[in-house]
Amino acid sequence: MIEVTPHNYRRMSELLSAYASLRLQAVDACVIALAERFDLREVATLDQRDYLVVAPRHLPKGQRLTILPGD
């Protein structure tokens with residue numbers, strides 16, 4: 001289990017505001033915030049839509065998180 005910190009909550013709020021038009025879900029914003037915190041480049045999800053759009057801060061410009069499982 002990973003504890004969500006106040007910093008993570010702030011980042012989630014930023015993501016939810018920045019991507020409001022996507023109707024980004026709080027859980028997806030949390031996963032992205034945690035990926036940034038732990039410098040992760042891959043996430044496991046069945047909901048790919050948001051992860052193909054949201055640009056995590058820790059990745060080079062234009063890169064997105066890799067979605068697992070892959071094709």
# chains A, B, ... in the order shown; residues from 1 in each chain; ligands from 1
call {"tool": "residues_around", "arguments": {"residues": "range 45-62 of chain A", "least_positions_apart": "6", "cutoff": "10 Å", "atoms": "only C-alpha atoms", "output": "list in words"}}
result
Leu15, Ala18, Tyr19, Leu22, Arg23, Leu24, Gln25, Asp28, Ala29, Val31, Ile32, Ala33, Ala35, Glu36, Arg37, Phe38, Asp39, Leu68, Pro69 and Gly70 of chain A
call {"tool": "write_last_selection", "arguments": {"atoms": "N, CA and C atoms", "output": "PDB file, in the first residue's frame"}}
result
ATOM      1  N   LEU A  15      -3.893  18.391 -11.818  1.00  0.00           N
ATOM      2  CA  LEU A  15      -4.237  17.568 -12.978  1.00  0.00           C
ATOM      3  C   LEU A  15      -5.733  17.634 -13.273  1.00  0.00           C
ATOM      4  N   ALA A  18      -6.336  21.059 -14.817  1.00  0.00           N
ATOM      5  CA  ALA A  18      -5.725  21.211 -16.140  1.00  0.00           C
ATOM      6  C   ALA A  18      -6.424  20.372 -17.206  1.00  0.00           C
ATOM      7  N   TYR A  19      -6.935  19.222 -16.809  1.00  0.00           N
ATOM      8  CA  TYR A  19      -7.566  18.313 -17.766  1.00  0.00           C
ATOM      9  C   TYR A  19      -9.063  18.175 -17.495  1.00  0.00           C
ATOM     10  N   LEU A  22     -11.357  16.698 -20.070  1.00  0.00           N
ATOM     11  CA  LEU A  22     -11.310  15.240 -20.253  1.00  0.00           C
ATOM     12  C   LEU A  22     -12.222  14.504 -19.293  1.00  0.00           C
ATOM     13  N   ARG A  23     -12.639  15.224 -18.254  1.00  0.00           N
ATOM     14  CA  ARG A  23     -13.358  14.589 -17.145  1.00  0.00           C
ATOM     15  C   ARG A  23     -12.477  13.518 -16.506  1.00  0.00           C
ATOM     16  N   LEU A  24     -11.227  13.881 -16.305  1.00  0.00           N
ATOM     17  CA  LEU A  24     -10.249  13.010 -15.659  1.00  0.00           C
ATOM     18  C   LEU A  24     -10.772  12.582 -14.296  1.00  0.00           C
ATOM     19  N   GLN A  25     -10.715  11.308 -14.001  1.00  0.00           N
ATOM     20  CA  GLN A  25     -11.174  10.780 -12.717  1.00  0.00           C
ATOM     21  C   GLN A  25     -10.085  10.949 -11.657  1.00  0.00           C
ATOM     22  N   ASP A  28      -7.400   8.251 -11.603  1.00  0.00           N
ATOM     23  CA  ASP A  28      -6.414   8.375 -12.681  1.00  0.00           C
ATOM     24  C   ASP A  28      -5.417   9.489 -12.357  1.00  0.00           C
ATOM     25  N   ALA A  29      -5.903  10.600 -11.815  1.00  0.00           N
ATOM     26  CA  ALA A  29      -5.014  11.688 -11.405  1.00  0.00           C
ATOM     27  C   ALA A  29      -4.070  11.213 -10.305  1.00  0.00           C
ATOM     28  N   VAL A  31      -3.008   8.074  -9.821  1.00  0.00           N
ATOM     29  CA  VAL A  31      -2.018   7.172 -10.427  1.00  0.00           C
ATOM     30  C   VAL A  31      -0.929   7.985 -11.129  1.00  0.00           C
ATOM     31  N   ILE A  32      -1.314   9.030 -11.832  1.00  0.00           N
ATOM     32  CA  ILE A  32      -0.332   9.866 -12.522  1.00  0.00           C
ATOM     33  C   ILE A  32       0.556  10.585 -11.518  1.00  0.00           C
ATOM     34  N   ALA A  33      -0.038  11.138 -10.458  1.00  0.00           N
ATOM     35  CA  ALA A  33       0.749  11.820  -9.426  1.00  0.00           C
ATOM     36  C   ALA A  33       1.740  10.861  -8.770  1.00  0.00           C
ATOM     37  N   ALA A  35       2.953   8.097 -10.160  1.00  0.00           N
ATOM     38  CA  ALA A  35       3.959   7.756 -11.170  1.00  0.00           C
ATOM     39  C   ALA A  35       5.036   8.836 -11.206  1.00  0.00           C
ATOM     40  N   GLU A  36       4.617  10.090 -11.115  1.00  0.00           N
ATOM     41  CA  GLU A  36       5.587  11.183 -11.074  1.00  0.00           C
ATOM     42  C   GLU A  36       6.455  11.088  -9.818  1.00  0.00           C
ATOM     43  N   ARG A  37       5.823  10.852  -8.687  1.00  0.00           N
ATOM     44  CA  ARG A  37       6.546  10.774  -7.404  1.00  0.00           C
ATOM     45  C   ARG A  37       7.594   9.677  -7.407  1.00  0.00           C
ATOM     46  N   PHE A  38       7.257   8.523  -7.955  1.00  0.00           N
ATOM     47  CA  PHE A  38       8.165   7.377  -7.934  1.00  0.00           C
ATOM     48  C   PHE A  38       8.924   7.192  -9.241  1.00  0.00           C
ATOM     49  N   ASP A  39       8.850   8.178 -10.131  1.00  0.00           N
ATOM     50  CA  ASP A  39       9.551   8.157 -11.415  1.00  0.00           C
ATOM     51  C   ASP A  39       9.242   6.889 -12.214  1.00  0.00           C
ATOM     52  N   LEU A  68       0.320  -0.757 -19.555  1.00  0.00           N
ATOM     53  CA  LEU A  68       0.409  -2.213 -19.463  1.00  0.00           C
ATOM     54  C   LEU A  68      -0.982  -2.760 -19.158  1.00  0.00           C
ATOM     55  N   PRO A  69      -1.377  -3.892 -19.625  1.00  0.00           N
ATOM     56  CA  PRO A  69      -0.610  -4.722 -20.537  1.00  0.00           C
ATOM     57  C   PRO A  69      -0.617  -4.142 -21.943  1.00  0.00           C
ATOM     58  N   GLY A  70       0.451  -4.328 -22.654  1.00  0.00           N
ATOM     59  CA  GLY A  70       0.577  -3.806 -24.020  1.00  0.00           C
ATOM     60  C   GLY A  70      -0.188  -4.670 -25.000  1.00  0.00           C
TER      61      GLY A  70
END
call {"tool": "select_by_dssp", "arguments": {"residues": "chain A", "states": "helix (DSSP H, G or I)", "output": "JSON, numbers by chain"}}
result
{"A": [6, 7, 8, 9, 10, 11, 12, 13, 14, 15, 16, 17, 18, 20, 21, 22, 26, 27, 28, 29, 30, 31, 32, 33, 34, 35, 36, 37, 50, 51, 52]}
call {"tool": "write_last_selection", "arguments": {"atoms": "N, CA and C atoms", "output": "short mmCIF file (atom, residue, chain, number, x, y, z; two decimals), in the first residue's frame"}}
result
data_model
loop_
_atom_site.label_atom_id
_atom_site.label_comp_id
_atom_site.auth_asym_id
_atom_site.auth_seq_id
_atom_site.Cartn_x
_atom_site.Cartn_y
_atom_site.Cartn_z
N PRO A 6 0.22 14.94 1.07
CA PRO A 6 -0.37 16.23 0.71
C PRO A 6 0.13 16.74 -0.64
N HIS A 7 1.41 16.51 -0.94
CA HIS A 7 1.95 16.91 -2.25
C HIS A 7 1.21 16.20 -3.38
N ASN A 8 0.93 14.90 -3.18
CA ASN A 8 0.20 14.14 -4.20
C ASN A 8 -1.21 14.69 -4.40
N TYR A 9 -1.86 15.06 -3.30
CA TYR A 9 -3.21 15.63 -3.40
C TYR A 9 -3.18 16.96 -4.16
N ARG A 10 -2.16 17.77 -3.91
CA ARG A 10 -2.04 19.04 -4.65
C ARG A 10 -1.85 18.78 -6.13
N ARG A 11 -0.99 17.81 -6.45
CA ARG A 11 -0.75 17.49 -7.86
C ARG A 11 -2.02 16.93 -8.51
N MET A 12 -2.75 16.11 -7.79
CA MET A 12 -4.02 15.59 -8.31
C MET A 12 -4.97 16.74 -8.63
N SER A 13 -5.04 17.71 -7.74
CA SER A 13 -5.89 18.87 -7.96
C SER A 13 -5.46 19.63 -9.21
N GLU A 14 -4.15 19.80 -9.39
CA GLU A 14 -3.63 20.46 -10.59
C GLU A 14 -4.05 19.71 -11.85
N LEU A 15 -3.89 18.39 -11.82
CA LEU A 15 -4.24 17.57 -12.98
C LEU A 15 -5.73 17.63 -13.27
N LEU A 16 -6.54 17.54 -12.23
CA LEU A 16 -7.99 17.59 -12.43
C LEU A 16 -8.43 18.92 -13.01
N SER A 17 -7.77 20.00 -12.61
CA SER A 17 -8.09 21.32 -13.17
C SER A 17 -7.58 21.46 -14.60
N ALA A 18 -6.34 21.06 -14.82
CA ALA A 18 -5.72 21.21 -16.14
C ALA A 18 -6.42 20.37 -17.21
N ALA A 20 -9.68 19.25 -17.02
CA ALA A 20 -11.11 19.23 -16.69
C ALA A 20 -11.97 18.84 -17.90
N SER A 21 -11.56 19.24 -19.08
CA SER A 21 -12.35 18.91 -20.27
C SER A 21 -12.35 17.41 -20.58
N LEU A 22 -11.36 16.70 -20.07
CA LEU A 22 -11.31 15.24 -20.25
C LEU A 22 -12.22 14.50 -19.29
N ALA A 26 -10.50 11.09 -10.40
CA ALA A 26 -9.56 11.28 -9.30
C ALA A 26 -8.57 10.13 -9.19
N VAL A 27 -9.03 8.91 -9.42
CA VAL A 27 -8.12 7.76 -9.32
C VAL A 27 -7.04 7.81 -10.41
N ASP A 28 -7.40 8.25 -11.60
CA ASP A 28 -6.41 8.37 -12.68
C ASP A 28 -5.42 9.49 -12.36
N ALA A 29 -5.90 10.60 -11.82
CA ALA A 29 -5.01 11.69 -11.41
C ALA A 29 -4.07 11.21 -10.30
N CYS A 30 -4.57 10.38 -9.41
CA CYS A 30 -3.74 9.84 -8.33
C CYS A 30 -2.64 8.93 -8.89
N VAL A 31 -3.01 8.07 -9.82
CA VAL A 31 -2.02 7.17 -10.43
C VAL A 31 -0.93 7.99 -11.13
N ILE A 32 -1.31 9.03 -11.83
CA ILE A 32 -0.33 9.87 -12.52
C ILE A 32 0.56 10.59 -11.52
N ALA A 33 -0.04 11.14 -10.46
CA ALA A 33 0.75 11.82 -9.43
C ALA A 33 1.74 10.86 -8.77
N LEU A 34 1.32 9.64 -8.51
CA LEU A 34 2.22 8.65 -7.90
C LEU A 34 3.30 8.21 -8.89
N ALA A 35 2.95 8.10 -10.16
CA ALA A 35 3.96 7.76 -11.17
C ALA A 35 5.04 8.84 -11.21
N GLU A 36 4.62 10.09 -11.11
CA GLU A 36 5.59 11.18 -11.07
C GLU A 36 6.46 11.09 -9.82
N ARG A 37 5.82 10.85 -8.69
CA ARG A 37 6.55 10.77 -7.40
C ARG A 37 7.59 9.68 -7.41
N ASP A 50 -7.22 8.47 -20.74
CA ASP A 50 -6.59 9.60 -20.05
C ASP A 50 -5.07 9.54 -20.10
N TYR A 51 -4.53 8.35 -20.04
CA TYR A 51 -3.08 8.20 -19.99
C TYR A 51 -2.41 8.49 -21.33
N LEU A 52 -3.18 8.46 -22.39
CA LEU A 52 -2.65 8.79 -23.71
C LEU A 52 -2.62 10.29 -23.94
#
